[in-house]
Structure formats: structure tokens, C-alpha cells
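S.K.: Okay, so here is my_file_16.tsv, and as you'll see once you scroll down, it has TSV, C-alpha atoms.
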chain	number	residue	atom	x	y	z
A	299	MET	CA	43.59	10.69	-3.60
A	300	LEU	CA	41.58	7.63	-2.67
A	301	PRO	CA	44.61	5.32	-2.45
A	302	GLY	CA	46.23	7.92	-0.19
A	303	LEU	CA	43.28	7.92	2.14
A	304	ASP	CA	43.25	4.13	1.95
A	305	ASN	CA	46.87	3.99	3.03
A	306	VAL	CA	46.41	6.19	6.07
A	307	ALA	CA	43.13	4.57	7.05
A	308	ASN	CA	44.73	2.04	9.35
A	309	ASN	CA	46.78	4.64	11.21
A	310	VAL	CA	44.16	7.25	12.07
A	311	ASP	CA	41.45	7.60	14.61
A	312	LYS	CA	38.40	6.06	12.97
A	313	LYS	CA	36.18	8.62	14.62
A	314	LEU	CA	37.63	11.30	12.40
A	315	LYS	CA	36.06	11.86	9.03
A	316	PRO	CA	38.12	11.17	5.93
A	317	LEU	CA	36.69	14.23	4.22
A	318	ASP	CA	36.96	17.84	5.34
A	319	ARG	CA	36.61	21.11	3.48
A	320	HIS	CA	40.27	21.07	2.38
A	321	ILE	CA	39.99	17.62	0.86
A	322	ALA	CA	36.66	18.54	-0.68
A	323	ALA	CA	38.25	21.62	-2.23
A	324	PHE	CA	41.14	19.52	-3.51
A	325	ILE	CA	38.76	17.04	-5.10
A	326	THR	CA	36.69	19.82	-6.63
A	327	ALA	CA	39.80	21.34	-8.13
A	328	ARG	CA	41.29	18.13	-9.49
A	329	PHE	CA	38.37	15.87	-10.28
A	330	ARG	CA	37.03	16.82	-13.70
A	331	GLU	CA	33.48	15.64	-13.24
A	332	ASN	CA	30.35	17.34	-12.09
A	333	ILE	CA	30.17	16.69	-8.38
A	334	ASP	CA	27.80	19.51	-7.46
A	335	PRO	CA	25.11	17.18	-6.06
A	336	HIS	CA	27.70	15.54	-3.84
A	337	LEU	CA	28.97	18.87	-2.61
A	338	ALA	CA	25.42	20.01	-1.92
A	339	ALA	CA	24.93	16.93	0.22
A	340	LEU	CA	28.18	17.62	2.03
A	341	ALA	CA	26.95	21.13	2.81
A	342	GLU	CA	23.85	19.80	4.54
A	343	PRO	CA	23.84	20.48	8.29
A	344	LYS	CA	22.63	16.99	9.05
A	345	GLU	CA	25.30	14.47	9.92
A	346	SER	CA	23.54	11.71	8.00
A	347	SER	CA	23.33	13.81	4.83
A	348	PHE	CA	27.01	14.67	5.08
A	349	LEU	CA	27.96	11.02	5.50
A	350	ILE	CA	25.84	9.91	2.57
A	351	GLY	CA	27.25	12.73	0.45
A	352	MET	CA	30.79	11.77	1.41
A	353	LEU	CA	30.20	8.11	0.67
A	354	SER	CA	28.53	8.88	-2.65
A	355	LEU	CA	31.43	11.15	-3.65
A	356	PHE	CA	34.07	8.53	-2.78
A	357	ALA	CA	32.02	5.82	-4.48
A	358	TYR	CA	31.70	7.93	-7.62
A	359	MET	CA	35.40	8.66	-7.63
A	360	GLN	CA	36.31	5.02	-7.15
A	361	TRP	CA	34.03	3.94	-9.95
A	362	LYS	CA	35.03	6.72	-12.31
A	363	LEU	CA	38.76	6.40	-11.70
A	364	ASN	CA	38.72	2.60	-11.72
A	365	ASN	CA	40.57	2.50	-8.45
A	366	GLU	CA	41.48	-0.86	-7.03
A	367	ASP	CA	39.60	-2.13	-3.99
A	368	LEU	CA	39.99	0.21	-1.03
A	369	TYR	CA	39.79	-2.02	2.02
A	370	GLY	CA	41.11	0.49	4.53
A	371	LEU	CA	38.97	3.39	3.34
A	372	SER	CA	35.89	1.14	3.15
A	373	SER	CA	36.44	0.10	6.71
A	374	TRP	CA	37.00	3.69	7.80
A	375	VAL	CA	33.91	5.06	6.04
A	376	GLY	CA	31.88	2.02	7.07
A	377	SER	CA	32.65	2.62	10.73
A	378	LEU	CA	31.16	6.12	10.44
A	379	LEU	CA	27.92	5.15	8.73
A	380	ALA	CA	25.69	4.44	11.74
A	381	PRO	CA	23.91	7.84	11.55
A	382	ALA	CA	23.22	7.29	7.87
A	383	ILE	CA	21.84	3.83	8.55
A	384	ASN	CA	19.68	5.22	11.31
A	385	THR	CA	17.86	7.42	8.83
A	386	TYR	CA	15.84	4.34	7.93
A	387	TYR	CA	12.64	4.16	9.95
A	388	SER	CA	12.46	0.38	9.98
A	389	ARG	CA	14.47	-1.30	12.71
A	390	SER	CA	14.64	-4.53	10.77
A	391	THR	CA	15.99	-2.73	7.70
A	392	ARG	CA	18.63	-1.11	9.87
A	393	ARG	CA	19.59	-4.50	11.30
A	394	GLU	CA	19.76	-6.02	7.83
A	395	ILE	CA	22.06	-3.26	6.65
A	396	GLU	CA	24.20	-3.51	9.78
A	397	ASP	CA	24.45	-7.28	9.31
A	398	GLU	CA	25.43	-6.89	5.68
A	399	LEU	CA	27.82	-4.02	6.28
A	400	PRO	CA	30.94	-6.05	7.33
A	401	ARG	CA	30.70	-8.25	4.25
A	402	VAL	CA	30.43	-5.25	1.90
A	403	ILE	CA	33.25	-3.47	3.72
A	404	ARG	CA	35.49	-6.49	3.14
A	405	THR	CA	34.96	-6.17	-0.63
A	406	GLY	CA	36.64	-2.76	-0.57
A	407	ARG	CA	34.09	-1.44	-3.06
A	408	LEU	CA	32.64	1.92	-2.05
A	409	PRO	CA	29.91	1.87	-4.74
A	410	GLU	CA	28.61	-1.36	-3.20
A	411	LEU	CA	28.77	0.24	0.21
A	412	PHE	CA	26.79	3.21	-1.04
A	413	GLU	CA	24.28	0.91	-2.71
A	414	LEU	CA	23.81	-0.90	0.57
A	415	VAL	CA	23.41	2.18	2.73
A	416	ASP	CA	21.42	4.44	0.43
A	417	ASN	CA	19.50	2.24	-1.93
A	418	ALA	CA	16.74	4.32	-3.51
A	419	GLU	CA	14.30	1.41	-3.66
A	420	ASN	CA	14.89	0.58	-0.01
A	421	ARG	CA	14.38	4.22	0.90
A	422	ARG	CA	11.10	4.37	-0.99
A	423	GLU	CA	9.82	1.15	0.55
A	424	ASP	CA	10.90	2.27	3.99
A	425	THR	CA	9.04	5.55	3.69
A	426	GLU	CA	5.92	3.95	2.26
A	427	GLN	CA	5.81	1.21	4.87
A	428	TYR	CA	6.40	3.76	7.59
A	429	ALA	CA	3.37	5.70	6.39
A	430	VAL	CA	1.33	2.50	6.40
A	431	ALA	CA	2.56	1.69	9.92
A	432	ARG	CA	1.57	5.13	11.15
A	433	PHE	CA	-1.85	4.74	9.59
A	434	GLU	CA	-2.28	1.33	11.24
A	435	TYR	CA	-1.21	2.72	14.59
A	436	ALA	CA	-3.68	5.59	14.34
A	437	LYS	CA	-6.44	3.21	13.28
A	438	ALA	CA	-5.75	0.93	16.24
A	439	GLU	CA	-5.73	3.94	18.56
A	440	ASP	CA	-9.08	5.10	17.21
A	441	GLU	CA	-10.56	1.67	17.74
A	442	ILE	CA	-9.21	1.52	21.29
A	443	GLN	CA	-10.68	4.93	22.06
A	444	GLU	CA	-13.97	3.81	20.55
A	445	ILE	CA	-14.02	0.74	22.79
A	446	GLU	CA	-12.89	2.54	25.93
A	447	THR	CA	-15.05	5.64	25.63
A	448	GLY	CA	-17.82	4.53	23.28
A	449	ASP	CA	-21.03	2.61	23.86
A	450	MET	CA	-19.17	-0.53	24.83
A	451	SER	CA	-17.93	1.14	28.01
A	452	ASP	CA	-21.35	2.46	29.04
A	453	PRO	CA	-22.89	0.12	31.68
A	454	GLU	CA	-26.43	1.13	30.72
A	455	THR	CA	-25.84	0.31	27.08
A	456	THR	CA	-24.34	-3.06	27.86
A	457	ALA	CA	-27.14	-3.82	30.33
A	458	ALA	CA	-29.71	-2.93	27.67
A	459	ALA	CA	-27.91	-5.15	25.19
A	460	GLY	CA	-27.92	-7.96	27.77
A	461	ALA	CA	-31.65	-7.50	28.33
A	462	LYS	CA	-32.27	-7.70	24.59
A	463	VAL	CA	-30.23	-10.87	24.40
A	464	ALA	CA	-32.24	-12.33	27.27
A	465	ALA	CA	-35.51	-11.42	25.56
A	466	MET	CA	-34.36	-12.91	22.28
A	467	THR	CA	-33.22	-16.07	24.02
A	468	SER	CA	-36.56	-16.40	25.74
A	469	VAL	CA	-38.54	-15.87	22.54
A	470	VAL	CA	-36.39	-18.37	20.64
A	471	ILE	CA	-36.82	-20.97	23.40
A	472	SER	CA	-40.55	-20.35	23.34
A	473	MET	CA	-40.79	-20.75	19.56
A	474	CYS	CA	-38.74	-23.92	19.60
A	475	PHE	CA	-40.83	-25.34	22.42
A	476	VAL	CA	-44.15	-24.56	20.73
A	477	ALA	CA	-42.89	-25.98	17.43
A	478	VAL	CA	-41.74	-29.19	19.12
A	479	MET	CA	-45.05	-29.52	20.96
A	480	ILE	CA	-47.06	-29.09	17.78
A	481	VAL	CA	-44.89	-31.53	15.85
A	482	ALA	CA	-45.11	-34.06	18.68
A	483	GLU	CA	-48.89	-33.71	18.77
A	484	VAL	CA	-49.36	-33.99	14.99
A	485	TRP	CA	-46.97	-36.91	14.59
F	102	MET	CA	-58.31	29.01	4.70
F	103	ALA	CA	-54.90	27.47	4.85
F	104	ARG	CA	-55.68	25.66	8.07
F	105	ALA	CA	-58.66	23.72	6.77
F	106	PRO	CA	-56.77	20.84	5.08
F	107	ALA	CA	-54.52	20.52	8.11
F	108	LYS	CA	-57.54	19.96	10.30
F	109	GLN	CA	-59.04	17.40	7.96
F	110	ALA	CA	-56.03	15.09	7.95
F	111	PRO	CA	-56.21	14.08	11.62
F	112	VAL	CA	-59.94	13.50	11.26
F	113	LYS	CA	-59.20	11.03	8.47
F	114	GLY	CA	-56.51	9.38	10.56
F	115	ASN	CA	-58.80	9.17	13.57
F	116	PHE	CA	-61.53	7.66	11.47
F	117	LYS	CA	-59.16	4.98	10.19
F	118	LYS	CA	-57.90	4.33	13.69
F	119	ASN	CA	-61.42	4.09	15.06
F	120	GLN	CA	-62.39	1.77	12.25
F	121	MET	CA	-59.43	-0.48	12.97
F	122	THR	CA	-60.20	-0.52	16.69
F	123	LEU	CA	-63.78	-1.42	15.90
F	124	TRP	CA	-62.80	-4.33	13.68
F	125	LEU	CA	-60.29	-5.57	16.22
F	126	SER	CA	-62.90	-5.43	18.94
F	127	VAL	CA	-65.33	-7.37	16.78
F	128	ALA	CA	-62.67	-9.96	16.04
F	129	PHE	CA	-61.74	-10.20	19.73
F	130	VAL	CA	-65.32	-10.69	20.81
F	131	THR	CA	-65.77	-13.33	18.11
F	132	VAL	CA	-62.68	-15.16	19.29
F	133	ILE	CA	-63.86	-15.02	22.90
F	134	ILE	CA	-67.26	-16.40	21.94
F	135	MET	CA	-65.80	-19.12	19.74
F	136	SER	CA	-62.95	-20.18	22.05
F	137	LEU	CA	-63.76	-18.96	25.48
F	138	PRO	CA	-61.89	-21.85	27.19
F	139	THR	CA	-58.68	-20.94	25.42
F	140	VAL	CA	-59.10	-17.28	26.30
F	141	LEU	CA	-59.63	-18.25	29.92
F	142	ILE	CA	-56.37	-20.21	30.02
F	143	VAL	CA	-54.49	-17.49	28.21
F	144	VAL	CA	-55.78	-14.70	30.43
F	145	PHE	CA	-55.05	-16.50	33.69
F	146	GLY	CA	-51.98	-18.40	32.54
F	147	LEU	CA	-50.22	-15.38	31.11
F	148	LEU	CA	-50.93	-13.09	34.02
F	149	PRO	CA	-47.20	-12.84	34.94
F	150	THR	CA	-46.51	-11.71	31.40
F	151	PHE	CA	-49.12	-8.96	31.59
F	152	VAL	CA	-47.67	-7.86	34.91
F	153	ALA	CA	-44.16	-7.85	33.45
F	154	TYR	CA	-45.43	-5.77	30.52
F	155	VAL	CA	-46.96	-3.23	32.86
F	156	ILE	CA	-43.98	-2.87	35.18
F	157	ASP	CA	-41.26	-3.01	32.52
F	158	ARG	CA	-40.27	0.57	31.75
F	159	ALA	CA	-37.28	-0.32	29.59
F	160	LYS	CA	-37.38	0.54	25.91
F	161	GLY	CA	-38.67	-2.38	23.88
F	162	LYS	CA	-40.09	-4.14	26.97
F	163	PRO	CA	-37.42	-6.86	27.15
F	164	ALA	CA	-38.70	-8.14	30.52
F	165	ALA	CA	-42.15	-8.72	29.06
F	166	TYR	CA	-40.69	-10.62	26.12
F	167	CYS	CA	-38.44	-12.63	28.40
F	168	VAL	CA	-41.12	-13.59	30.90
F	169	GLY	CA	-43.73	-14.00	28.18
F	170	GLY	CA	-41.62	-16.33	26.08
F	171	ILE	CA	-41.04	-18.79	28.86
F	172	ASN	CA	-44.54	-18.28	30.27
F	173	ILE	CA	-45.99	-19.39	26.94
F	174	CYS	CA	-43.88	-22.53	27.21
F	175	GLY	CA	-45.73	-23.25	30.48
F	176	VAL	CA	-49.18	-22.43	29.13
F	177	PHE	CA	-49.04	-23.90	25.65
F	178	PRO	CA	-49.15	-27.62	26.62
F	179	TYR	CA	-52.50	-27.08	28.37
F	180	MET	CA	-53.87	-25.08	25.49
F	181	LEU	CA	-52.89	-27.93	23.24
F	182	GLN	CA	-54.59	-30.36	25.62
F	183	LEU	CA	-57.72	-28.26	25.33
F	184	TRP	CA	-57.61	-28.06	21.53
F	185	THR	CA	-57.00	-31.74	21.03
F	186	GLY	CA	-59.43	-32.91	23.72
F	187	ASP	CA	-62.52	-31.55	25.36
F	188	ASN	CA	-62.60	-27.89	24.35
F	189	SER	CA	-65.16	-26.74	26.87
F	190	MET	CA	-65.40	-24.28	29.73
F	191	ASN	CA	-65.50	-27.14	32.23
F	192	ALA	CA	-62.26	-28.56	30.95
F	193	ALA	CA	-60.65	-25.12	31.03
F	194	ILE	CA	-61.81	-24.55	34.59
F	195	ASN	CA	-60.52	-27.98	35.59
F	196	ILE	CA	-57.15	-27.14	34.14
F	197	MET	CA	-56.96	-23.74	35.78
F	198	THR	CA	-57.98	-25.05	39.17
F	199	ASP	CA	-55.23	-27.67	39.18
F	200	VAL	CA	-52.44	-26.47	41.47
F	201	PHE	CA	-49.83	-28.40	39.56
F	202	VAL	CA	-50.87	-26.67	36.32
F	203	LEU	CA	-50.69	-23.26	37.94
F	204	ALA	CA	-47.30	-24.17	39.38
F	205	VAL	CA	-46.07	-25.11	35.91
F	206	MET	CA	-47.41	-21.94	34.28
F	207	TYR	CA	-46.24	-19.53	36.94
F	208	GLY	CA	-43.04	-21.49	37.53
F	209	ALA	CA	-42.25	-21.08	33.85
F	210	ALA	CA	-42.87	-17.36	34.17
F	211	ALA	CA	-40.59	-17.28	37.20
F	212	PHE	CA	-37.96	-19.08	35.20
F	213	GLY	CA	-38.35	-16.43	32.48
F	214	TRP	CA	-37.91	-13.71	35.05
F	215	MET	CA	-34.84	-15.50	36.36
F	216	ILE	CA	-33.39	-15.51	32.85
F	217	TYR	CA	-34.10	-11.81	32.59
F	218	GLN	CA	-32.27	-11.20	35.85
F	219	SER	CA	-29.30	-13.48	35.27
F	220	LEU	CA	-28.53	-13.28	31.56
F	221	PRO	CA	-27.81	-9.53	31.14
F	222	PRO	CA	-24.90	-9.53	33.63
F	223	ILE	CA	-23.44	-12.57	31.91
F	224	VAL	CA	-23.79	-10.91	28.52
F	225	THR	CA	-22.31	-7.69	29.89
F	226	THR	CA	-19.35	-9.56	31.33
F	227	PHE	CA	-18.88	-11.42	28.07
F	228	MET	CA	-18.96	-8.20	26.06
F	229	THR	CA	-16.51	-6.57	28.46
F	230	VAL	CA	-14.12	-9.50	28.18
F	231	ILE	CA	-14.32	-9.39	24.39
F	232	ALA	CA	-13.71	-5.64	24.41
F	233	GLN	CA	-10.74	-5.99	26.75
F	234	HIS	CA	-9.32	-8.78	24.63
F	235	ARG	CA	-9.68	-6.61	21.54
F	236	VAL	CA	-8.00	-3.70	23.30
F	237	SER	CA	-5.10	-5.87	24.42
F	238	THR	CA	-4.73	-7.22	20.88
F	239	LEU	CA	-4.66	-3.69	19.49
F	240	ARG	CA	-2.18	-2.58	22.13
F	241	ALA	CA	0.06	-5.51	21.22
F	242	GLN	CA	-0.16	-4.50	17.57
F	243	GLN	CA	0.80	-0.97	18.50
F	244	ARG	CA	3.75	-2.21	20.56
F	245	GLU	CA	4.93	-4.25	17.59
F	246	LEU	CA	4.66	-1.18	15.37
F	247	VAL	CA	6.62	0.91	17.88
F	248	ASP	CA	9.26	-1.82	18.17
F	249	GLU	CA	9.65	-1.90	14.41
F	250	TRP	CA	9.27	1.77	13.53
F	251	GLY	CA	10.14	3.70	16.67
F	252	LYS	CA	8.10	5.99	18.86
F	253	ASP	CA	7.47	8.44	16.04
F	254	VAL	CA	5.00	6.01	14.54
F	255	SER	CA	2.57	6.97	17.28
F	256	THR	CA	2.81	10.68	16.56
F	257	PRO	CA	-0.16	12.00	14.59
F	258	GLN	CA	0.54	13.48	11.19
F	259	GLU	CA	-0.67	16.94	12.28
F	260	ILE	CA	1.92	17.08	15.05
F	261	LEU	CA	4.63	15.88	12.71
F	262	ASP	CA	3.63	18.59	10.26
F	263	LEU	CA	3.79	21.18	13.02
F	264	GLY	CA	7.13	19.90	14.26
F	265	GLU	CA	8.67	19.66	10.82
F	266	GLY	CA	12.36	20.10	11.18
F	267	ILE	CA	12.35	19.20	14.86
F	268	GLU	CA	14.11	15.90	15.34
F	269	LEU	CA	12.35	13.59	17.76
F	270	VAL	CA	14.41	11.54	20.15
F	271	ASP	CA	14.58	7.85	19.34
F	272	GLU	CA	15.85	5.78	22.24
F	273	SER	CA	16.50	2.70	20.19
F	274	ALA	CA	18.88	4.41	17.82
F	275	PRO	CA	22.32	3.24	18.85
F	276	ILE	CA	24.38	6.24	17.90
F	277	GLU	CA	22.36	9.15	16.71
F	278	GLU	CA	18.73	10.07	16.96
F	279	PRO	CA	16.78	9.09	13.85
F	280	ASP	CA	16.20	11.49	11.08
F	281	PRO	CA	12.48	12.18	10.75
F	282	GLU	CA	12.90	12.89	7.05
F	283	PRO	CA	15.23	10.37	5.54
F	284	GLN	CA	14.06	11.13	2.04
F	285	ALA	CA	14.61	14.82	2.48
F	286	ALA	CA	17.99	14.16	4.01
F	287	ALA	CA	18.95	11.95	1.15
F	288	GLN	CA	17.63	14.26	-1.49
F	289	PRO	CA	20.75	16.35	-1.86
F	290	ALA	CA	22.70	13.17	-2.29
F	291	PRO	CA	22.86	12.09	-5.88
F	292	GLU	CA	21.46	8.90	-7.30
F	293	PRO	CA	23.04	5.82	-5.75
F	294	PRO	CA	25.67	4.28	-7.88
F	295	ASN	CA	25.27	0.70	-8.89
F	296	ALA	CA	27.99	-1.56	-7.71
F	297	GLY	CA	29.07	-1.75	-11.28
F	298	THR	CA	32.39	-2.64	-12.74
F	299	ALA	CA	34.18	-0.93	-15.58
F	300	GLU	CA	32.49	-3.38	-17.96
F	301	THR	CA	29.03	-2.90	-16.58
F	302	PRO	CA	28.89	0.59	-15.21
F	303	GLY	CA	25.76	1.46	-13.33
F	304	THR	CA	24.12	4.73	-12.63
F	305	VAL	CA	26.63	6.86	-10.86
F	306	PRO	CA	26.05	10.14	-9.14
F	307	GLY	CA	26.75	13.02	-11.41
F	308	GLU	CA	26.98	10.79	-14.44
F	309	ALA	CA	23.88	12.21	-16.02
F	310	THR	CA	25.05	15.73	-15.49
Have the structure of the file written as C-alpha cells, please.

M.R.:
Amino acid sequence: MLPGLDNVANNVDKKLKPLDRHIAAFITARFRENIDPHLAALAEPKESSFLIGMLSLFAYMQWKLNNEDLYGLSSWVGSLLAPAINTYYSRSTRREIEDELPRVIRTGRLPELFELVDNAENRREDTEQYAVARFEYAKAEDEIQEIETGDMSDPETTAAAGAKVAAMTSVVISMCFVAVMIVAEVW
Amino acid sequence: MARAPAKQAPVKGNFKKNQMTLWLSVAFVTVIIMSLPTVLIVVFGLLPTFVAYVIDRAKGKPAAYCVGGINICGVFPYMLQLWTGDNSMNAAINIMTDVFVLAVMYGAAAFGWMIYQSLPPIVTTFMTVIAQHRVSTLRAQQRELVDEWGKDVSTPQEILDLGEGIELVDESAPIEEPDPEPQAAAQPAPEPPNAGTAETPGTVPGEAT
């Protein structure tokens, strides 16, 4: 199955998907492994879930069947993976994956491609860091609102603070002056 | 019956207050008798301060402190002159009748008033500049976060919870709008397979099942 798709990969429109319901049914009928999770992913309405499910199914098949490297199919599937890559929140992670993608495609190994696109650790980190980023954004927004609408923006408050500073300055000058005068007199 | 103790308390307080006032008055009179020249200089030299105290309606009387602090700087050298030299009424009167001395004392007070007038706007401007700088720093941080994480990062959690399932448009996504729930989207997909070989097989989707 996979070598067949690999053979036709160079002669088809790369915008088409290498997996449709007929091929999925064929694989389900012939492939004697439990692929229910893959099929569930394929049934997802989201494009990204379908692509990840398709890639995981092909990767599993290639690994399980010890197929040789599938350069054409890797290239074909790889060219369709942009929506799956875009499920990462982090722009830099997306760029890293996109930069790495051509190299992995050239290996012809679909498991490696799947590992690159849907690494569980990367996903977890991405989600956690996204939550942190959202928290930081909200915190910054709160602080900005506090500055713009809080006491700092009230002219009376700032004027009162300025008057206090002036009073303190005056008292400090006075104390220093008196101390210096006394010291000068005693010396 | 219940009101009796309540009435007694203020009486006690008043008595204490009156007692304190009495002792202070005695001490004040003693000081005046013992150092009348100093009192004379203080009373006349610090007149601007007393005026500032009376006219200052701001909380904490900052004008009085400001004028008083510098006014003392003008008065103190002559008090010191009195204490270290001839501490008599004649000497005090001589000092207070010197125009130059009065100019120094009241000039110092004027300088204090000038500080009170000029410093608050400077402080206000300084605080405003600091606040604006802080705001621009925070805005820059927010821009960096948006650049890295997309516009959704600025959406509060409550709104995201309300709009669960609604995909928000992400302009920076090259092909398709970003999935607001990548984990959820990936959940149906099985565990990622390791890029293992036949010798070192990794975890492969469906392997466990």
C-alpha cells in the first residue's frame, strides 16, 4: 500500500490527500493491527486532526511493516502538514518545525516526520508556555490599567506627592544645615 | 444607669488633656523666662512659617514644613550666635533690628516657598515620565508576546471559555487559522511513534492496544 502511494506521489497533484475513505477502508480491512485511535483522528472534523491522524497511521504502517524509505510519500504528506504545524501556539516552534521539515522529508521516514510534527513533549511545553504567556499578558495589561486609571494618573494625587517630596526635601536640608552649623561651632 | 460610665470616660480624658496643657504651659513659660532672647528670635524669625502653617490647607501641611525647614536654616545661625555669645535681650534686639539679618531669615523662608512652588511640578513630571516609560515597556512586552503567540494571547480566559469551539482568526498563520485547542485536536491521534528502527522500535500508535 505505502510503496504504491510512494510510486504515484510524484505524478499527482500534491494538494490532494493521499488518504480518503476508500483507502482508509482498505487499510482497515487488510492491516491486522489495532488502528482505532488513528481512525478516530481521521474522523475528526478538524483538518489538522485529520492530517495528524493520517500521518500517524502511515508512520505506524511504515514502522510496523518495515517498509523501505518512502521519499515520494514523505514529500507528499509533508507538503500538506502546514495546518498541523499551525496548531502550535508558538511562532518560533512553528518556524523550527518548518525549518526542520525538509531535512526530515528527505529521510523518507514517516515516523520521524510524525515525531517532528506531533511530538508530545513539544505539545505539552507549547501549551504550558502559552498559558504562561497569556498570564504575563494579562498581568501587564492590569499594570497598564493601574497606571493609566489609578492614582498615578490623578493630577491631585501626583501634586500631593510632589508637595510631600518638597516638604521632605526642605526638612532634610534644614536638618543637614543645623547639624553642619552645630558641628562647625563645636569643632 | 448604663450611660453613667460613658459619661465618665470623657471627663477622665478631659482631665488628662487639661493636665497636659497645664504642664506644657508651665514649661513654655519657664522656657520664655529662661531664654527670652531665643524666643524673641524664634517668634519673629519664623513668622513666615507660622503664616504658611495658617494658610496651608493641604493635608499634612507640606507648605508649612517646606517653608519652615528652610526658614530655620535662616534663623538658626543667629540663634547659635546668641547661645555662644551674649545671650541677652539687647543682643536679641540688635539681631532682630538688623535689616541684613531679617533679609536672610525671610529670604530663606521665601526660598522655602519657592521650593514648595517649583518642586511639585518637577516631581509630577518625573512621575509621569516614569509611568509612561513603564507603560511603553509593558506595551513592548505585550507586542513581543503577541508576535510570539498570536493575538489569542491577549484574549482573557473567560472569553476563551465562552468561545470554546469557536476558532479565532490568526493573521500570521500562513495557510490555515490556528487551532485554539491543539491538545484537544491531537488527542484523538495516538501516541507519537518514535523514529525507531526495527532494532530499536519506539512507542508506536496502537502498539499498546

S.K.: Of the candidates A:Thr391, A:Ile333, A:Thr385, A:Leu408, which shows the shortest atom-to-atom distance to Trp361 in chain A, using only C-alpha atoms?

M.R.: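 Closest to Trp361 in chain A of all the choices is A:Leu408.
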
S.K.: Of the candidates F:Leu148, F:Ala164, F:Leu137, F:Ala232, which one gets nearest to Ala461 in chain A if we count all atoms listed in the file?

M.R.: F:Ala164

S.K.: Specify as a ChimeraX atom specification all residues of chain A found within 6 Å of chain F, counting all atoms listed in the file.

M.R.: /A:332-333,335-336,338-339,347,351,381,384-385,387-389,409-410,413,432,435,438,442,456-457,460-462,464-465,468-469,472

S.K.: Please report the interatomic distance between CA of Pro138 in chain F and CA of Asp157 in chain F in Å with one decimal.

M.R.: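 Interatomic distance here is 28.4 Å.
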
S.K.: To one decimal place in Å, what is the distance between CA of Met121 in chain F and CA of Leu141 in chain F?

M.R.: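 Value for the CA of Met121 in chain F-CA of Leu141 in chain F distance: 24.6 Å.
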
S.K.: Would you compute the distance between CA of Arg330 in chain A and CA of Met299 in chain A? Give it in Å to one decimal.

M.R.: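 Computing the Euclidean distance for CA of Arg330 in chain A and CA of Met299 in chain A yields 13.5 Å.
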
S.K.: If you count all atoms listed in the file, which residues fall within 8 Å of Arg407 in chain A, apart from same-chain ones fewer than 6 positions away, as JSON, numbers by chain?

M.R.: {"A": [357, 360, 367, 368, 369, 372], "F": [296]}

S.K.: Put those residues in a file: C-alpha atoms, as a PDB file, in the coordinates of the input.

M.R.:
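What landed in selection.pdb:
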ATOM      1  CA  ALA A 357      32.020   5.820  -4.480  1.00  0.00           C
ATOM      2  CA  GLN A 360      36.310   5.020  -7.150  1.00  0.00           C
ATOM      3  CA  ASP A 367      39.600  -2.130  -3.990  1.00  0.00           C
ATOM      4  CA  LEU A 368      39.990   0.210  -1.030  1.00  0.00           C
ATOM      5  CA  TYR A 369      39.790  -2.020   2.020  1.00  0.00           C
ATOM      6  CA  SER A 372      35.890   1.140   3.150  1.00  0.00           C
TER       7      SER A 372
ATOM      8  CA  ALA F 296      27.990  -1.560  -7.710  1.00  0.00           C
TER       9      ALA F 296
END

S.K.: Take the point (32.6, 7.2, 2.7) in the file's coordinates, draw a sphere of radius 12 Å around it, and report as a ChimeraX atom specification every protein, DNA or RNA residue with an atom inside or on it, counting all atoms listed in the file.

M.R.: /A:300,303-304,307,312,314-318,336,340,346-360,368-380,382,403,406-413,415-416

S.K.: Report, as AutoDock Vina command-line options, the axis-aligned box around all atoms of range 300-314 of chain A present in the file, extended by 6 Å on each side; give centre and edge lengths in Å to one decimal place.

M.R.:
--center_x 41.5 --center_y 6.7 --center_z 6.0 --size_x 22.7 --size_y 21.3 --size_z 29.3

S.K.: Starting from the incomplete input, reconstruct N, CA and C atoms of range 201-217 of chain F and write that as a short mmCIF file (atom, residue, chain, number, x, y, z; two decimals), in the coordinates of the input.

M.R.:
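Saved result, result.cif, follows:
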data_model
loop_
_atom_site.label_atom_id
_atom_site.label_comp_id
_atom_site.auth_asym_id
_atom_site.auth_seq_id
_atom_site.Cartn_x
_atom_site.Cartn_y
_atom_site.Cartn_z
N PHE F 201 -51.02 -28.01 40.29
CA PHE F 201 -49.83 -28.40 39.56
C PHE F 201 -49.71 -27.60 38.24
N VAL F 202 -50.87 -27.44 37.58
CA VAL F 202 -50.87 -26.67 36.32
C VAL F 202 -50.47 -25.22 36.59
N LEU F 203 -51.04 -24.65 37.61
CA LEU F 203 -50.69 -23.26 37.94
C LEU F 203 -49.21 -23.15 38.29
N ALA F 204 -48.72 -24.18 39.02
CA ALA F 204 -47.30 -24.17 39.38
C ALA F 204 -46.43 -24.21 38.13
N VAL F 205 -46.85 -25.03 37.16
CA VAL F 205 -46.07 -25.11 35.91
C VAL F 205 -46.09 -23.77 35.18
N MET F 206 -47.29 -23.20 35.03
CA MET F 206 -47.41 -21.94 34.28
C MET F 206 -46.64 -20.81 34.96
N TYR F 207 -46.87 -20.64 36.25
CA TYR F 207 -46.24 -19.53 36.94
C TYR F 207 -44.76 -19.83 37.23
N GLY F 208 -44.46 -21.11 37.38
CA GLY F 208 -43.04 -21.49 37.53
C GLY F 208 -42.26 -21.16 36.27
N ALA F 209 -42.90 -21.42 35.12
CA ALA F 209 -42.25 -21.08 33.85
C ALA F 209 -42.01 -19.58 33.76
N ALA F 210 -43.03 -18.83 34.18
CA ALA F 210 -42.87 -17.36 34.17
C ALA F 210 -41.74 -16.93 35.11
N ALA F 211 -41.67 -17.60 36.25
CA ALA F 211 -40.59 -17.28 37.20
C ALA F 211 -39.23 -17.60 36.59
N PHE F 212 -39.20 -18.71 35.87
CA PHE F 212 -37.96 -19.08 35.20
C PHE F 212 -37.57 -18.01 34.16
N GLY F 213 -38.58 -17.50 33.44
CA GLY F 213 -38.35 -16.43 32.48
C GLY F 213 -37.80 -15.18 33.16
N TRP F 214 -38.39 -14.87 34.29
CA TRP F 214 -37.91 -13.71 35.05
C TRP F 214 -36.47 -13.93 35.51
N MET F 215 -36.20 -15.17 35.92
CA MET F 215 -34.84 -15.50 36.36
C MET F 215 -33.84 -15.31 35.20
N ILE F 216 -34.26 -15.72 34.03
CA ILE F 216 -33.39 -15.51 32.85
C ILE F 216 -33.15 -14.03 32.64
N TYR F 217 -34.23 -13.26 32.79
CA TYR F 217 -34.10 -11.81 32.59
C TYR F 217 -33.15 -11.19 33.62
#
